[in-house]
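Engineer: Below is one structure. I have some questions about it.
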Amino acid sequence: MTRLWSAALTGVAGVPVEVEVWISSQLPRVEVVGLPEAAVRESVSRIRGAIDASGLKFPDRRVTVNLAPAELRKSGAGLDLPIALGILAAAGLIESEPLDGRAFLGELALDGRLRASRGVLAAVLAAEQAGVREAFVPAASAARASLAPRIRVHGAESLGAVLAHLGGSEPLPVCTSPALTAGVRSSDCLSDIRGQSLAKRALEVAAAGGHGLLLLGPPGTGKTLLARRLPGLLPPLGEQERLEAFCVQDAAGLLGEGETMNAARPFRAPHHSASAAGLMGGGQPLRPGEVSLAHHGVLFLDELPEFDRRCLESLREVLEQGVVRIARARLACELPARFQLVAAANPCPCGDYGSPVRDCRCDEAALARYRRRLSGPLLDRVDLRIQVGEVPWSVLRGPAEGPTSAEVRARVAAARVRQAARGVASNAAIPDARLEECVRADEAGLALLGRAVERWHLSARAARRVLRVARTVADLEEEPDTGRGAIAEALQMRGTS
């Protein structure tokens, strides 16, 4: 019997899989056990063709393949290569010793070529956790697999190339991790937007503290333009963040052959007709949704009230926990979803409610239905709510003014450094237990917040979020303590003044 390591994908995480192959002198038959899905069961036909194309003979005996752990359902075609090598070693056609301590991943074509498979980085990371220090993957997937920090990765074009390496005749080179490219996603500058000084300031605060942002205003006032400037203000992904975000992108199958992810934070903008599965994740096999694809990045929901109410309500727990928990009859897993929410909405169905120059055409019933689409508990979890008004023509035709994206990005980076020194990834993520220690609000500021809580009936969650935003304002001003001015600005940007 032959044993070797591989890995399977569950959601966006890899799980080590031990492939066991036993050949007996019974009637010819190949049986794959260990809860294989259809793609794994069909691997026998691909493996038979690949072995023949490599100049070897498929054993004419009873072959039993066990994929452990047996209670885990295995999907995808990435187990083709280890099963093929296990069959050859069990039949005595190759030595089994070179298979020890190595992991093998990849889909086989009938002619023996290795095809790229999704989720290869997560699979290699899982094999690394099992104690494997060397992995063989398709050449088209080697660049992304080499991002795994503590494992040597070899890229092979075919089954024959892997056999030649194991036999010592043609060693495969070790793949090196690709160079990190620039972390600025957009070349559009914040200063290109005329007017909207409060909304620009809110973007800076949101970027500096990782806060959620809702832009409210009539059509054509620049809400979408403002939201799409946010990725250009954010700092690049850190090494661990990049690895996690890349695993999600790779598991979703969004990356082409040889494509790698740069240090720019992900930006996802799903249409308001997106289903719950498209937004939160699901399907068979399970794929990450838009909230997971925005992990460590920005999720932009334009026309927020037009989204399905159930989809929006499902965001509440995700915003608090940073994960999507999916429970199915045969599967339960967690998908990472720690993103920054940015949304835009019109004040009413026609968009003219509150306009000083146009009359709103919506009746009271239509207004009430429109407002009910956004629940109080959901809005309570959004830190910044900014009214975006119409800009006068004299300002629109005037010169560009205000700070550039590069200037704001520098201030944001400096504020993030101060937050990291306090031991938090961002001010939005300050745990409640450390809120007083990190915010350091003075008595005048706390008194102002207390009056606002009583006057506007803010919830305890809302009050804590105001303190986190105020801490970000103080960080941007390089102030060690959070004063009354910072809390006043945080209240103003929450839309309660």
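Residues are referred to by chain and number: the chain letter is A, B, ... according to the order shown in the structure tokens, the number counts from 1 in that chain, and ligands are numbered separately from 1 in the order shown.
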If we count only C-alpha atoms, what is near A:Gly220 at a cut-off of 12 Å, once residues fewer than 4 positions away on the same chain are taken out, given as a CSV table (one decimal) with C-alpha atoms, in the first residue's frame?
Structural biologist:
```csv
chain,number,residue,atom,x,y,z
A,216,LEU,CA,-27.1,59.9,1.2
A,224,THR,CA,-20.6,56.9,-6.6
A,225,LEU,CA,-17.5,59.0,-7.6
A,226,LEU,CA,-16.7,59.6,-4.0
A,344,ALA,CA,-24.8,55.0,-1.4
A,345,ALA,CA,-28.6,55.7,-1.4
A,346,ASN,CA,-31.1,58.2,-2.7
A,351,GLY,CA,-34.4,61.0,-5.5
A,352,ASP,CA,-35.7,64.6,-5.1
A,388,VAL,CA,-24.3,64.7,-0.2
A,389,GLY,CA,-26.0,67.8,-1.6
A,390,GLU,CA,-26.1,69.3,-5.0
A,391,VAL,CA,-23.0,71.3,-6.0
```
Engineer: Stretch 60-66 of chain A: which residues within 10 Å, counting only C-alpha atoms, same-chain residues fewer than 3 positions away excluded, as number ranges by chain?
Structural biologist: A: 1-3, 17-36, 57, 69-70, 83, 86-87, 90-91
Engineer: Write the residues of the preceding selection, restricted to N, CA and C atoms, as an mmCIF file, in the first residue's frame.
Structural biologist:
```
data_model
loop_
_atom_site.group_PDB
_atom_site.id
_atom_site.type_symbol
_atom_site.label_atom_id
_atom_site.label_comp_id
_atom_site.auth_asym_id
_atom_site.auth_seq_id
_atom_site.Cartn_x
_atom_site.Cartn_y
_atom_site.Cartn_z
ATOM 1 N N MET A 1 0.846 -1.197 0.000
ATOM 2 C CA MET A 1 0.000 0.000 0.000
ATOM 3 C C MET A 1 0.885 1.252 0.000
ATOM 4 N N THR A 2 0.443 2.297 -0.700
ATOM 5 C CA THR A 2 1.189 3.545 -0.819
ATOM 6 C C THR A 2 0.385 4.676 -0.194
ATOM 7 N N ARG A 3 1.097 5.568 0.526
ATOM 8 C CA ARG A 3 0.468 6.746 1.119
ATOM 9 C C ARG A 3 1.214 7.988 0.652
ATOM 10 N N VAL A 17 -5.272 16.116 2.955
ATOM 11 C CA VAL A 17 -5.880 14.838 2.588
ATOM 12 C C VAL A 17 -4.767 13.819 2.376
ATOM 13 N N GLU A 18 -4.872 12.692 3.066
ATOM 14 C CA GLU A 18 -3.925 11.597 2.871
ATOM 15 C C GLU A 18 -4.520 10.616 1.856
ATOM 16 N N VAL A 19 -3.797 10.402 0.775
ATOM 17 C CA VAL A 19 -4.239 9.509 -0.296
ATOM 18 C C VAL A 19 -3.591 8.137 -0.074
ATOM 19 N N GLU A 20 -4.415 7.119 0.110
ATOM 20 C CA GLU A 20 -3.940 5.746 0.300
ATOM 21 C C GLU A 20 -4.383 4.902 -0.900
ATOM 22 N N VAL A 21 -3.435 4.167 -1.471
ATOM 23 C CA VAL A 21 -3.737 3.334 -2.641
ATOM 24 C C VAL A 21 -3.312 1.899 -2.335
ATOM 25 N N TRP A 22 -4.239 0.980 -2.554
ATOM 26 C CA TRP A 22 -3.981 -0.442 -2.344
ATOM 27 C C TRP A 22 -4.364 -1.199 -3.605
ATOM 28 N N ILE A 23 -3.462 -2.046 -4.079
ATOM 29 C CA ILE A 23 -3.701 -2.852 -5.279
ATOM 30 C C ILE A 23 -3.674 -4.322 -4.882
ATOM 31 N N SER A 24 -4.720 -5.052 -5.280
ATOM 32 C CA SER A 24 -4.822 -6.475 -4.963
ATOM 33 C C SER A 24 -5.043 -7.274 -6.250
ATOM 34 N N SER A 25 -4.790 -8.555 -6.183
ATOM 35 C CA SER A 25 -4.906 -9.417 -7.357
ATOM 36 C C SER A 25 -6.325 -9.956 -7.486
ATOM 37 N N GLN A 26 -7.248 -9.039 -7.688
ATOM 38 C CA GLN A 26 -8.642 -9.401 -7.908
ATOM 39 C C GLN A 26 -9.057 -8.933 -9.293
ATOM 40 N N LEU A 27 -10.327 -9.079 -9.607
ATOM 41 C CA LEU A 27 -10.795 -8.641 -10.922
ATOM 42 C C LEU A 27 -10.544 -7.152 -11.095
ATOM 43 N N PRO A 28 -10.131 -6.732 -12.287
ATOM 44 C CA PRO A 28 -9.798 -5.322 -12.522
ATOM 45 C C PRO A 28 -10.982 -4.395 -12.220
ATOM 46 N N ARG A 29 -10.695 -3.419 -11.360
ATOM 47 C CA ARG A 29 -11.705 -2.431 -10.991
ATOM 48 C C ARG A 29 -11.021 -1.333 -10.201
ATOM 49 N N VAL A 30 -11.484 -0.110 -10.365
ATOM 50 C CA VAL A 30 -10.948 1.019 -9.603
ATOM 51 C C VAL A 30 -12.072 1.582 -8.740
ATOM 52 N N GLU A 31 -11.835 1.675 -7.460
ATOM 53 C CA GLU A 31 -12.831 2.176 -6.517
ATOM 54 C C GLU A 31 -12.209 3.292 -5.689
ATOM 55 N N VAL A 32 -12.879 4.438 -5.663
ATOM 56 C CA VAL A 32 -12.431 5.590 -4.881
ATOM 57 C C VAL A 32 -13.410 5.766 -3.724
ATOM 58 N N VAL A 33 -12.917 5.708 -2.490
ATOM 59 C CA VAL A 33 -13.752 5.846 -1.307
ATOM 60 C C VAL A 33 -13.256 7.045 -0.493
ATOM 61 N N GLY A 34 -14.086 7.464 0.474
ATOM 62 C CA GLY A 34 -13.739 8.633 1.289
ATOM 63 C C GLY A 34 -14.556 9.847 0.927
ATOM 64 N N LEU A 35 -15.842 9.629 0.576
ATOM 65 C CA LEU A 35 -16.783 10.702 0.213
ATOM 66 C C LEU A 35 -16.286 11.563 -0.948
ATOM 67 N N PRO A 36 -15.952 10.963 -2.088
ATOM 68 C CA PRO A 36 -15.558 11.773 -3.241
ATOM 69 C C PRO A 36 -16.783 12.345 -3.956
ATOM 70 N N LYS A 57 1.932 1.743 -18.029
ATOM 71 C CA LYS A 57 0.711 0.943 -18.193
ATOM 72 C C LYS A 57 -0.106 0.980 -16.908
ATOM 73 N N PRO A 69 -9.286 12.523 5.619
ATOM 74 C CA PRO A 69 -10.300 11.904 6.474
ATOM 75 C C PRO A 69 -11.573 11.549 5.703
ATOM 76 N N ALA A 70 -12.152 10.415 6.059
ATOM 77 C CA ALA A 70 -13.267 9.875 5.301
ATOM 78 C C ALA A 70 -14.541 10.693 5.461
ATOM 79 N N ILE A 83 -3.447 10.837 -6.837
ATOM 80 C CA ILE A 83 -4.023 9.510 -7.057
ATOM 81 C C ILE A 83 -3.228 8.767 -8.126
ATOM 82 N N GLY A 86 0.050 7.651 -6.630
ATOM 83 C CA GLY A 86 -0.167 6.563 -5.690
ATOM 84 C C GLY A 86 -0.412 5.241 -6.400
ATOM 85 N N ILE A 87 -1.157 5.271 -7.501
ATOM 86 C CA ILE A 87 -1.407 4.050 -8.270
ATOM 87 C C ILE A 87 -0.106 3.517 -8.865
ATOM 88 N N ALA A 90 2.027 2.073 -5.994
ATOM 89 C CA ALA A 90 1.482 0.823 -5.463
ATOM 90 C C ALA A 90 1.656 -0.330 -6.442
ATOM 91 N N ALA A 91 1.661 -0.014 -7.744
ATOM 92 C CA ALA A 91 1.852 -1.054 -8.759
ATOM 93 C C ALA A 91 3.321 -1.391 -8.969
#
```
Engineer: Select, from A:Leu4, A:Leu166, A:Leu299, A:Cys189, the residue with the minimum atom-to-atom distance to A:Ala130, counting only C-alpha atoms.
Structural biologist: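 Using only C-alpha atoms, the shortest distance to A:Ala130 belongs to A:Leu4.
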Engineer: Among stretch 220-279 of chain A, which ones does DSSP assign to alpha helix (DSSP H) (computed from the backbone)? Answer as a JSON list (two decimals) with N, CA and C atoms, in the first residue's frame.
Structural biologist:
```json
[["chain", "number", "residue", "atom", "x", "y", "z"],
["A", 223, "LYS", "N", -22.06, 60.67, -5.44],
["A", 223, "LYS", "CA", -21.93, 59.65, -4.40],
["A", 223, "LYS", "C", -21.06, 58.48, -4.88],
["A", 224, "THR", "N", -21.33, 58.01, -6.08],
["A", 224, "THR", "CA", -20.55, 56.88, -6.61],
["A", 224, "THR", "C", -19.11, 57.29, -6.87],
["A", 225, "LEU", "N", -18.90, 58.50, -7.40],
["A", 225, "LEU", "CA", -17.53, 58.98, -7.63],
["A", 225, "LEU", "C", -16.75, 59.02, -6.33],
["A", 226, "LEU", "N", -17.38, 59.51, -5.28],
["A", 226, "LEU", "CA", -16.70, 59.59, -3.99],
["A", 226, "LEU", "C", -16.37, 58.19, -3.47],
["A", 227, "ALA", "N", -17.33, 57.28, -3.53],
["A", 227, "ALA", "CA", -17.10, 55.94, -3.00],
["A", 227, "ALA", "C", -15.96, 55.24, -3.74],
["A", 239, "GLU", "N", 1.43, 41.70, 4.64],
["A", 239, "GLU", "CA", 1.78, 40.37, 4.13],
["A", 239, "GLU", "C", 0.72, 39.33, 4.47],
["A", 240, "GLN", "N", 0.28, 39.28, 5.72],
["A", 240, "GLN", "CA", -0.73, 38.30, 6.11],
["A", 240, "GLN", "C", -2.08, 38.62, 5.48],
["A", 241, "GLU", "N", -2.44, 39.90, 5.41],
["A", 241, "GLU", "CA", -3.69, 40.29, 4.78],
["A", 241, "GLU", "C", -3.69, 39.91, 3.30],
["A", 242, "ARG", "N", -2.58, 40.12, 2.65],
["A", 242, "ARG", "CA", -2.49, 39.77, 1.23],
["A", 242, "ARG", "C", -2.67, 38.27, 1.03],
["A", 243, "LEU", "N", -2.06, 37.49, 1.91],
["A", 243, "LEU", "CA", -2.18, 36.04, 1.79],
["A", 243, "LEU", "C", -3.63, 35.59, 1.97],
["A", 244, "GLU", "N", -4.32, 36.16, 2.96],
["A", 244, "GLU", "CA", -5.70, 35.79, 3.21],
["A", 244, "GLU", "C", -6.61, 36.22, 2.06],
["A", 245, "ALA", "N", -6.44, 37.46, 1.59],
["A", 245, "ALA", "CA", -7.27, 37.95, 0.49],
["A", 245, "ALA", "C", -7.01, 37.17, -0.79],
["A", 246, "PHE", "N", -5.75, 36.80, -1.02],
["A", 246, "PHE", "CA", -5.41, 36.06, -2.22],
["A", 246, "PHE", "C", -6.02, 34.66, -2.18],
["A", 247, "CYS", "N", -6.06, 34.04, -1.01],
["A", 247, "CYS", "CA", -6.68, 32.72, -0.88],
["A", 247, "CYS", "C", -8.15, 32.77, -1.29],
["A", 248, "VAL", "N", -8.85, 33.84, -0.90],
["A", 248, "VAL", "CA", -10.25, 33.97, -1.26],
["A", 248, "VAL", "C", -10.41, 34.14, -2.76],
["A", 249, "GLN", "N", -9.60, 35.02, -3.35],
["A", 249, "GLN", "CA", -9.69, 35.25, -4.80],
["A", 249, "GLN", "C", -9.37, 33.97, -5.57],
["A", 250, "ASP", "N", -8.37, 33.24, -5.11],
["A", 250, "ASP", "CA", -7.97, 32.01, -5.78],
["A", 250, "ASP", "C", -9.04, 30.93, -5.63],
["A", 251, "ALA", "N", -9.62, 30.81, -4.44],
["A", 251, "ALA", "CA", -10.66, 29.80, -4.22],
["A", 251, "ALA", "C", -11.91, 30.09, -5.02],
["A", 276, "ALA", "N", -28.89, 36.30, -2.36],
["A", 276, "ALA", "CA", -28.26, 36.08, -1.06],
["A", 276, "ALA", "C", -27.02, 35.21, -1.20],
["A", 277, "ALA", "N", -27.10, 34.18, -2.06],
["A", 277, "ALA", "CA", -25.93, 33.32, -2.26],
["A", 277, "ALA", "C", -24.81, 34.08, -2.96],
["A", 278, "GLY", "N", -25.15, 34.95, -3.90],
["A", 278, "GLY", "CA", -24.12, 35.73, -4.58],
["A", 278, "GLY", "C", -23.45, 36.73, -3.65],
["A", 279, "LEU", "N", -24.20, 37.24, -2.69],
["A", 279, "LEU", "CA", -23.64, 38.22, -1.77],
["A", 279, "LEU", "C", -22.91, 37.56, -0.61]]
```
Engineer: Between atom CA of A:Leu72 and atom CA of A:Glu157, what is the spacing in Å?
Structural biologist: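 Rounded to one decimal, the two atoms are 29.1 Å apart.
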Engineer: Which residues, written as a PyMOL selection string, have at least one atom at most 8 Å from A:Gly495, with only C-alpha atoms counted and residues fewer than 3 positions away on the same chain left out?
Structural biologist: chain A and resi 384-387+491-492
Engineer: Take the residues just selected and output them with C-alpha atoms as an mmCIF file, in the first residue's frame.
Structural biologist:
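Wrote it out as again.cif, contents follow:
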```cif
data_model
loop_
_atom_site.group_PDB
_atom_site.id
_atom_site.type_symbol
_atom_site.label_atom_id
_atom_site.label_comp_id
_atom_site.auth_asym_id
_atom_site.auth_seq_id
_atom_site.Cartn_x
_atom_site.Cartn_y
_atom_site.Cartn_z
ATOM 1 C CA LEU A 384 -20.495 57.578 9.158
ATOM 2 C CA ARG A 385 -23.624 58.888 7.431
ATOM 3 C CA ILE A 386 -23.057 61.867 5.176
ATOM 4 C CA GLN A 387 -25.578 63.999 3.318
ATOM 5 C CA LEU A 491 -21.213 63.238 15.855
ATOM 6 C CA GLN A 492 -21.535 65.522 12.859
#
```
Engineer: Can you pull out the residues contacting A:Pro266? Cut-off 12 Å, using only C-alpha atoms, and skip same-chain residues under 6 positions away; I want them as a count of residues only.
Structural biologist: 34
Engineer: Give me the residues within 10 Å of stretch 401-416 of chain A as a PDB file with C-alpha atoms, in the first residue's frame, counting only C-alpha atoms and dropping any in the same chain fewer than 3 places off.
Structural biologist:
```pdb
ATOM      1  CA  VAL A 184      -2.702  51.858  -5.372  1.00  0.00           C
ATOM      2  CA  SER A 186      -7.071  53.705  -8.850  1.00  0.00           C
ATOM      3  CA  SER A 187      -5.360  56.594 -10.592  1.00  0.00           C
ATOM      4  CA  ASP A 188      -8.409  58.850 -10.050  1.00  0.00           C
ATOM      5  CA  CYS A 189      -7.648  61.658  -7.638  1.00  0.00           C
ATOM      6  CA  LEU A 190      -9.851  62.880  -4.827  1.00  0.00           C
ATOM      7  CA  SER A 191      -9.169  66.496  -5.796  1.00  0.00           C
ATOM      8  CA  ASP A 192     -10.877  65.923  -9.167  1.00  0.00           C
ATOM      9  CA  ILE A 193     -14.254  66.022  -7.382  1.00  0.00           C
ATOM     10  CA  ARG A 194     -15.507  69.586  -7.043  1.00  0.00           C
ATOM     11  CA  GLY A 195     -17.093  70.613  -3.760  1.00  0.00           C
ATOM     12  CA  GLN A 196     -18.340  67.997  -1.268  1.00  0.00           C
ATOM     13  CA  SER A 197     -15.769  68.947   1.366  1.00  0.00           C
ATOM     14  CA  LYS A 200     -14.195  64.096   1.277  1.00  0.00           C
ATOM     15  CA  ARG A 201     -13.348  64.523   4.945  1.00  0.00           C
ATOM     16  CA  LEU A 203     -13.698  59.460   3.168  1.00  0.00           C
ATOM     17  CA  GLU A 204     -10.417  60.368   4.854  1.00  0.00           C
ATOM     18  CA  VAL A 205     -11.759  59.422   8.291  1.00  0.00           C
ATOM     19  CA  ALA A 206     -13.258  56.196   6.943  1.00  0.00           C
ATOM     20  CA  ALA A 207      -9.960  55.224   5.306  1.00  0.00           C
ATOM     21  CA  ALA A 208      -7.906  56.103   8.392  1.00  0.00           C
ATOM     22  CA  GLY A 209     -10.050  54.125  10.845  1.00  0.00           C
ATOM     23  CA  GLY A 210     -11.625  51.411   8.697  1.00  0.00           C
ATOM     24  CA  ARG A 229     -12.077  57.098  -4.585  1.00  0.00           C
ATOM     25  CA  LEU A 230     -11.826  55.247  -1.259  1.00  0.00           C
ATOM     26  CA  PRO A 231      -9.552  52.372  -2.441  1.00  0.00           C
ATOM     27  CA  GLY A 232      -6.977  54.931  -3.557  1.00  0.00           C
ATOM     28  CA  LEU A 233      -6.788  56.304  -0.001  1.00  0.00           C
ATOM     29  CA  LEU A 234      -6.244  53.009   1.778  1.00  0.00           C
ATOM     30  CA  PRO A 235      -2.831  51.637   2.765  1.00  0.00           C
ATOM     31  CA  PRO A 236      -1.612  48.558   0.852  1.00  0.00           C
ATOM     32  CA  VAL A 395     -18.102  75.353  -8.087  1.00  0.00           C
ATOM     33  CA  GLY A 398     -14.113  76.108 -11.084  1.00  0.00           C
ATOM     34  CA  GLN A 419      -3.365  52.575  15.682  1.00  0.00           C
ATOM     35  CA  ALA A 420      -0.942  49.690  15.179  1.00  0.00           C
ATOM     36  CA  ALA A 421       1.162  51.058  18.040  1.00  0.00           C
ATOM     37  CA  ARG A 422      -1.887  50.622  20.273  1.00  0.00           C
ATOM     38  CA  VAL A 424      -5.267  47.280  16.942  1.00  0.00           C
ATOM     39  CA  ALA A 425      -5.591  46.785  13.198  1.00  0.00           C
ATOM     40  CA  SER A 426      -7.895  49.817  12.918  1.00  0.00           C
ATOM     41  CA  ASN A 427      -9.946  51.989  15.228  1.00  0.00           C
ATOM     42  CA  THR A 472      -9.667  58.319  14.297  1.00  0.00           C
ATOM     43  CA  VAL A 473     -10.198  62.070  14.005  1.00  0.00           C
ATOM     44  CA  ALA A 474      -7.725  62.581  16.843  1.00  0.00           C
ATOM     45  CA  ASP A 475      -5.212  60.284  15.152  1.00  0.00           C
ATOM     46  CA  LEU A 476      -5.434  62.305  11.936  1.00  0.00           C
ATOM     47  CA  GLU A 477      -4.752  65.448  13.964  1.00  0.00           C
ATOM     48  CA  GLU A 478      -1.855  63.680  15.780  1.00  0.00           C
TER      49      GLU A 478
END
```
Engineer: For A:Val40, which residue among A:Arg455, A:Arg133, A:Lys74, A:Arg358 is the nearest when counting only C-alpha atoms?
Structural biologist: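 Result for the nearest residue to A:Val40: A:Lys74.
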Engineer: Among stretch 46-218 of chain A, which ones does DSSP place in strand (DSSP E or B), written as an mmCIF file with N, CA and C atoms, in the first residue's frame?
Structural biologist:
```cif
data_model
loop_
_atom_site.group_PDB
_atom_site.id
_atom_site.type_symbol
_atom_site.label_atom_id
_atom_site.label_comp_id
_atom_site.auth_asym_id
_atom_site.auth_seq_id
_atom_site.Cartn_x
_atom_site.Cartn_y
_atom_site.Cartn_z
ATOM 1 N N ARG A 62 -7.222 -4.939 -9.213
ATOM 2 C CA ARG A 62 -8.159 -4.203 -8.370
ATOM 3 C C ARG A 62 -7.418 -3.070 -7.668
ATOM 4 N N VAL A 63 -7.870 -1.841 -7.865
ATOM 5 C CA VAL A 63 -7.244 -0.654 -7.283
ATOM 6 C C VAL A 63 -8.261 0.014 -6.356
ATOM 7 N N THR A 64 -7.872 0.185 -5.105
ATOM 8 C CA THR A 64 -8.718 0.885 -4.128
ATOM 9 C C THR A 64 -7.991 2.141 -3.661
ATOM 10 N N VAL A 65 -8.667 3.261 -3.800
ATOM 11 C CA VAL A 65 -8.111 4.561 -3.389
ATOM 12 C C VAL A 65 -8.946 5.086 -2.232
ATOM 13 N N ASN A 66 -8.302 5.367 -1.116
ATOM 14 C CA ASN A 66 -8.981 5.927 0.054
ATOM 15 C C ASN A 66 -8.479 7.345 0.289
ATOM 16 N N LEU A 67 -9.423 8.266 0.461
ATOM 17 C CA LEU A 67 -9.108 9.670 0.712
ATOM 18 C C LEU A 67 -9.486 9.996 2.147
ATOM 19 N N ALA A 68 -8.480 10.184 2.989
ATOM 20 C CA ALA A 68 -8.722 10.440 4.409
ATOM 21 C C ALA A 68 -8.470 11.922 4.723
ATOM 22 N N LYS A 74 -14.845 15.449 -0.616
ATOM 23 C CA LYS A 74 -13.783 15.966 -1.466
ATOM 24 C C LYS A 74 -14.347 16.338 -2.835
ATOM 25 N N ALA A 103 3.800 16.876 -1.047
ATOM 26 C CA ALA A 103 2.383 16.986 -1.375
ATOM 27 C C ALA A 103 2.244 17.211 -2.872
ATOM 28 N N PHE A 104 1.155 16.703 -3.443
ATOM 29 C CA PHE A 104 0.931 16.777 -4.882
ATOM 30 C C PHE A 104 -0.492 17.265 -5.134
ATOM 31 N N GLU A 107 -4.918 18.919 -11.567
ATOM 32 C CA GLU A 107 -5.836 18.191 -12.445
ATOM 33 C C GLU A 107 -5.077 17.686 -13.664
ATOM 34 N N LEU A 108 -5.350 16.461 -14.066
ATOM 35 C CA LEU A 108 -4.675 15.841 -15.210
ATOM 36 C C LEU A 108 -5.560 15.892 -16.445
ATOM 37 N N ARG A 113 -1.025 16.311 -19.387
ATOM 38 C CA ARG A 113 -0.745 17.687 -18.972
ATOM 39 C C ARG A 113 -1.411 17.982 -17.638
ATOM 40 N N LEU A 114 -0.796 18.912 -16.900
ATOM 41 C CA LEU A 114 -1.365 19.356 -15.633
ATOM 42 C C LEU A 114 -2.071 20.685 -15.840
ATOM 43 N N ARG A 115 -3.351 20.726 -15.477
ATOM 44 C CA ARG A 115 -4.142 21.938 -15.619
ATOM 45 C C ARG A 115 -4.230 22.662 -14.282
ATOM 46 N N GLU A 134 7.463 20.341 0.900
ATOM 47 C CA GLU A 134 7.688 20.432 -0.546
ATOM 48 C C GLU A 134 6.392 20.059 -1.251
ATOM 49 N N ALA A 135 6.004 20.844 -2.249
ATOM 50 C CA ALA A 135 4.748 20.608 -2.950
ATOM 51 C C ALA A 135 4.966 20.697 -4.451
ATOM 52 N N PHE A 136 4.210 19.880 -5.189
ATOM 53 C CA PHE A 136 4.240 19.871 -6.650
ATOM 54 C C PHE A 136 2.861 20.266 -7.154
ATOM 55 N N VAL A 137 2.811 21.303 -7.983
ATOM 56 C CA VAL A 137 1.548 21.852 -8.470
ATOM 57 C C VAL A 137 1.675 22.090 -9.975
ATOM 58 N N PRO A 138 0.569 22.318 -10.684
ATOM 59 C CA PRO A 138 0.657 22.678 -12.102
ATOM 60 C C PRO A 138 1.474 23.954 -12.296
ATOM 61 N N ARG A 152 8.540 24.644 -0.087
ATOM 62 C CA ARG A 152 9.119 24.741 -1.433
ATOM 63 C C ARG A 152 8.091 24.263 -2.452
ATOM 64 N N VAL A 153 7.917 25.040 -3.496
ATOM 65 C CA VAL A 153 6.908 24.730 -4.510
ATOM 66 C C VAL A 153 7.587 24.499 -5.853
ATOM 67 N N HIS A 154 7.225 23.397 -6.506
ATOM 68 C CA HIS A 154 7.704 23.078 -7.847
ATOM 69 C C HIS A 154 6.516 23.111 -8.804
ATOM 70 N N GLY A 155 6.677 23.773 -9.919
ATOM 71 C CA GLY A 155 5.652 23.800 -10.950
ATOM 72 C C GLY A 155 5.991 22.832 -12.063
ATOM 73 N N ALA A 156 5.029 21.986 -12.445
ATOM 74 C CA ALA A 156 5.256 20.971 -13.479
ATOM 75 C C ALA A 156 4.221 21.123 -14.582
ATOM 76 N N SER A 158 3.459 18.579 -16.687
ATOM 77 C CA SER A 158 2.788 17.314 -16.974
ATOM 78 C C SER A 158 3.128 16.273 -15.919
ATOM 79 N N VAL A 174 12.709 25.260 -8.073
ATOM 80 C CA VAL A 174 11.831 25.768 -7.027
ATOM 81 C C VAL A 174 11.298 27.127 -7.462
ATOM 82 N N LEU A 213 -19.292 53.604 5.834
ATOM 83 C CA LEU A 213 -19.696 54.924 5.358
ATOM 84 C C LEU A 213 -20.947 54.789 4.499
ATOM 85 N N LEU A 214 -21.942 55.638 4.762
ATOM 86 C CA LEU A 214 -23.148 55.714 3.951
ATOM 87 C C LEU A 214 -23.283 57.126 3.410
ATOM 88 N N LEU A 215 -23.392 57.237 2.089
ATOM 89 C CA LEU A 215 -23.550 58.529 1.413
ATOM 90 C C LEU A 215 -24.996 58.657 0.965
ATOM 91 N N LEU A 216 -25.674 59.691 1.462
ATOM 92 C CA LEU A 216 -27.087 59.920 1.162
ATOM 93 C C LEU A 216 -27.233 61.204 0.364
#
```
Engineer: Give the answer as one residue: which of A:Asp442, A:Pro98, A:Gly217, A:Leu467 has the shortest atom-to-atom distance to A:Pro480, using only C-alpha atoms?
Structural biologist: A:Asp442
Engineer: Please compute the atom CA of A:Ala400-atom CA of A:Val342 distance, one decimal, in Å.
Structural biologist: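 Atom-to-atom, atom CA of A:Ala400 and atom CA of A:Val342 are spaced 24.2 Å apart.
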Engineer: Would you mind telling me which residue in A:Thr482, A:Ser6, A:Ser394, A:Gln129 lies nearest to A:Leu105 when using only C-alpha atoms?
Structural biologist: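 The shortest atom-to-atom distance to A:Leu105 comes from A:Ser6.
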